[in-house]
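Novice: Here's a structure for you.
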Amino acid sequence: MNTRIAAMLRATLCMAALAFGAAAQAADYPNLPIHVIVPFPPGAGVDIVTRLVASKLSTSLGQQLIVENRSGAGGNVGAATVARAAPDGYTLLAAPSSIAVSQSLYTNLPFHVEKDFRAVGMMASVPFLLVVNTKVPVNTVAELTALAKSKPNGLTFASTGNGSSPHLTAEMYAHDTGVQLRHVPYRGTAPAMTDLMSGEVDMMFANALSVLPQVKTGRLRALAITSAQPDPDMPDVPTMQAAGVKGFETGTWFSLLAPAKTPDDVIAKLNGALNTVLKSPDVREALRKQGASVQSGTPAQADSFIHAEIGKFAKIIQAANIHID
């Protein structure tokens with residue numbers, strides 16, 4: 001046997017061994033606890049959904065899913081941690097829609113959403129509620145718009161950070177109605193809610209998961225919901241379109257991502273378990289009661305959806321001229 005043929009055989013055997021090893025690893029997966037990084041503080045919508053889903057996935061996969069909050073830089077600290085993690089299925093990212101915003105918002109993003117991640121699948125989507133603190137003398141969107149027009153930059157709106165989905169949604173409202181509002185960014189949902197309820201800021205487009213309890217107890221007043229259809233659990237809250245803002249429909253979503261080179265078999269196993277959990281009546285009901293709806297599907301469908309969302313937010317960010325270095 002000549003040297004060239006021997007080298008080719010060795011290379012072929014090595015590749016076969018690596019493929020066998022990867023297949024064996026996927027077959028045994030998971031045999032260790034799985035860490036799920038939530039890139040926002042406790043109490044955020046993504047945190048609420050992830051903890052609900054993770055507890056069920058732990059049972060389905062036979063391994064504990066450990067949820068860790070690693071907030072900072074609009075979710076980019078936690079996302080970058082997962083982007084750098086070993087692509088073995090043991091470190092996952094619970095990604096809210098803000099990850100699609102980050103791709104266009106940050107000029108020095110330490111990862112590329114579509115190159116450094118691949119989707120396990122979608123988890124849920126949640127509309128925003130336009131809420132005001134009870135000191136603001138309005139009960140409808142029309143009254144809020146009229147008040148804002150009477151005092152340009154006199155009304156303040158809270159968000160979970162510059163370029164966050166609540167920030168961009170408020171910018172859309174301002175653009176569509178011709179009002180001028182003053183932005184007050186916070187580092188997460190909890191501090192924004194605290195100041196909103198105390199009257200330090202006037203209004204916010206907050207995801208229903210985070211704000212619905214305060215609305216139900218009367219600590220905040222809901223003027224409208226950003227979904228296409230009214231929520232049957234909130235029949236007195238109109239959609240933004242029904243409230244007079246034509247074509248206004250948006251919301252936030254939550255997906256489960258893995259490092260880009262995670263093996264197909266591992267992704268498939270995670271996706272199958274995730275979809276089984278999301279079909280569970282108790283999970284669907286728990287999400288429904290908090291204003292969220294299940295969004296399941298294949299990894300390819302999730303990747304395609306996130307790609308489209310990146311393009312959508314890029315246009316909004318460009319129009320509003322928002323950038324973070």
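Following the order of the structure tokens, chains are lettered A, B, ..., residues in each are numbered from 1, and ligands are numbered from 1.
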Could you pull the residues within 9 Å of Asp202 in chain A, counting only C-alpha atoms, minus those fewer than 4 positions along the same chain, as a ChimeraX atom specification?

Specialist: /A:131-136,155-158,195-197

Novice: Would you pick out the contacts of range 278-284 of chain A at 12 Å or less, using only C-alpha atoms, so that residues sharing its chain but fewer than 3 positions from it are not included, and give the list as number ranges by chain?

Specialist: A: 49-57, 60, 121-125, 271-275, 287-297

Novice: Can you list, as a PyMOL selection string, every residue of range 16-233 of chain A that DSSP puts in alpha helix (DSSP H)?

Specialist: chain A and resi 16-28+45-61+76-83+98-105+113-116+141-150+165-177+189-198+208-216

Novice: Can you build me a table of range 128-157 of chain A residues sitting at most 8 Å from range 205-210 of chain A, with the closest atom pair per residue and its distance in Å to one decimal, using only C-alpha atoms, sorted by chain and residue number, as CSV?

Specialist:
```
residue,atom,partner,partner_atom,distance
A:Phe128,CA,A:Asn207,CA,4.2
A:Leu129,CA,A:Ala206,CA,5.5
A:Leu130,CA,A:Phe205,CA,4.6
A:Val131,CA,A:Phe205,CA,6.4
```

Novice: So how many Å separate CA of Ile306 in chain A and CA of Pro127 in chain A, to one decimal?

Specialist: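 Distance between the two atoms: 16.9 Å.
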
Novice: Apply DSSP to the backbone of this structure and, from range 185-300 of chain A, keep only the residues in strand (DSSP E); write these as a PyMOL selection string.

Specialist: chain A and resi 185+203-207+220-225+251-259+293-294

Novice: May I have the selected residues written with N, CA and C atoms, as a CSV table (one decimal), in the first residue's frame?

Specialist:
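Contents of result-v9.csv, as written:
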```csv
chain,number,residue,atom,x,y,z
A,185,PRO,N,-35.2,54.9,29.7
A,185,PRO,CA,-34.9,53.5,29.7
A,185,PRO,C,-34.5,52.9,31.1
A,203,MET,N,-46.1,56.1,31.1
A,203,MET,CA,-46.7,55.0,30.3
A,203,MET,C,-45.6,54.0,29.9
A,204,MET,N,-46.1,52.9,29.3
A,204,MET,CA,-45.2,51.9,28.8
A,204,MET,C,-45.9,50.9,27.9
A,205,PHE,N,-45.2,50.4,26.9
A,205,PHE,CA,-45.7,49.2,26.2
A,205,PHE,C,-45.0,48.1,26.8
A,206,ALA,N,-45.7,47.3,27.6
A,206,ALA,CA,-45.1,46.2,28.4
A,206,ALA,C,-45.7,44.9,28.0
A,207,ASN,N,-44.9,43.8,27.9
A,207,ASN,CA,-45.4,42.6,27.5
A,207,ASN,C,-46.4,42.1,28.6
A,220,LEU,N,-52.1,49.6,37.6
A,220,LEU,CA,-51.9,50.2,36.4
A,220,LEU,C,-53.2,50.1,35.5
A,221,ARG,N,-53.3,51.1,34.6
A,221,ARG,CA,-54.5,51.1,33.7
A,221,ARG,C,-54.1,50.7,32.3
A,222,ALA,N,-54.8,49.7,31.8
A,222,ALA,CA,-54.5,49.2,30.4
A,222,ALA,C,-55.4,50.0,29.4
A,223,LEU,N,-54.8,50.6,28.4
A,223,LEU,CA,-55.6,51.3,27.4
A,223,LEU,C,-55.8,50.5,26.2
A,224,ALA,N,-54.9,49.6,25.8
A,224,ALA,CA,-55.0,48.8,24.6
A,224,ALA,C,-54.0,47.7,24.6
A,225,ILE,N,-54.3,46.7,23.7
A,225,ILE,CA,-53.4,45.6,23.4
A,225,ILE,C,-52.9,45.6,22.0
A,251,GLY,N,-45.7,42.7,19.0
A,251,GLY,CA,-45.6,41.9,20.2
A,251,GLY,C,-44.2,41.5,20.4
A,252,THR,N,-44.0,40.6,21.4
A,252,THR,CA,-42.7,40.0,21.6
A,252,THR,C,-42.8,38.5,21.6
A,253,TRP,N,-41.7,37.9,21.4
A,253,TRP,CA,-41.7,36.4,21.3
A,253,TRP,C,-40.5,35.8,22.0
A,254,PHE,N,-40.5,34.5,22.2
A,254,PHE,CA,-39.5,33.9,23.0
A,254,PHE,C,-39.1,32.6,22.3
A,255,SER,N,-37.8,32.4,22.1
A,255,SER,CA,-37.3,31.2,21.4
A,255,SER,C,-36.2,30.6,22.2
A,256,LEU,N,-35.9,29.3,21.8
A,256,LEU,CA,-34.8,28.6,22.5
A,256,LEU,C,-33.7,28.4,21.4
A,257,LEU,N,-32.5,28.9,21.7
A,257,LEU,CA,-31.4,28.8,20.7
A,257,LEU,C,-30.3,28.0,21.3
A,258,ALA,N,-29.4,27.5,20.4
A,258,ALA,CA,-28.2,26.7,20.8
A,258,ALA,C,-27.0,27.3,20.0
A,259,PRO,N,-25.8,27.1,20.4
A,259,PRO,CA,-24.7,27.5,19.6
A,259,PRO,C,-24.7,26.8,18.2
A,293,SER,N,-49.3,33.1,24.1
A,293,SER,CA,-49.8,32.0,23.3
A,293,SER,C,-48.6,31.1,22.9
A,294,VAL,N,-48.8,29.8,22.7
A,294,VAL,CA,-47.8,28.9,22.4
A,294,VAL,C,-47.4,29.1,20.9
```

Novice: Could I get the residues of range 42-148 of chain A with an atom no further than 8 Å from an atom of range 160-176 of chain A, each paired with its nearest atom pair and that distance in Å to one decimal, using only C-alpha atoms, sorted by chain and residue number, as CSV?

Specialist:
```
residue,atom,partner,partner_atom,distance
A:Gly74,CA,A:Gly161,CA,6.3
A:Ser97,CA,A:Ser165,CA,7.1
A:Ser98,CA,A:Ser164,CA,5.8
A:Val101,CA,A:Gly163,CA,7.1
A:Ser102,CA,A:Gly163,CA,7.7
A:Leu105,CA,A:Gly163,CA,6.6
A:Phe128,CA,A:Pro166,CA,7.9
```

Novice: For Ala80 in chain A, work out the shell of residues within 9 Å, counting only C-alpha atoms and skipping chain neighbours fewer than 6 positions away, then give it as a list of chain:residue names.

Specialist: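 Counting only C-alpha atoms, the residues come to A:Leu109, A:Pro110, A:Phe111.
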
Novice: Quote the spacing between CA of His183 in chain A and CA of Phe305 in chain A in Å to one decimal place.

Specialist: 28.9 Å

Novice: Show me, as a list in words, the residues that have an atom within 6 Å of range 36-41 of chain A when counting only C-alpha atoms, minus same-chain residues fewer than 4 positions from it.

Specialist: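 That gives Ile66, Val67, Glu68, Asn69, Arg70, Ser71, Gly75, Gly78, Thr91, Leu92, Leu93 and Ala94 of chain A.
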
Novice: Which residue gives the smallest distance to Ala268 in chain A among A:Ala119, A:Ala192, A:Ile34, A:Met234, with only C-alpha atoms counted?

Specialist: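 For Ala268 in chain A, the nearest of the given residues is A:Ala119.
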
Novice: Considering only C-alpha atoms, state which residue in the set A:Ile317, A:Ala27, A:Val126, A:Ala190 is at the smallest distance from Glu249 in chain A.

Specialist: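 Closest to Glu249 in chain A of all the choices is A:Val126.
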
Novice: One decimal, in Å: what's the spacing between CA of Ser104 in chain A and CA of Ala314 in chain A?

Specialist: 5.4 Å
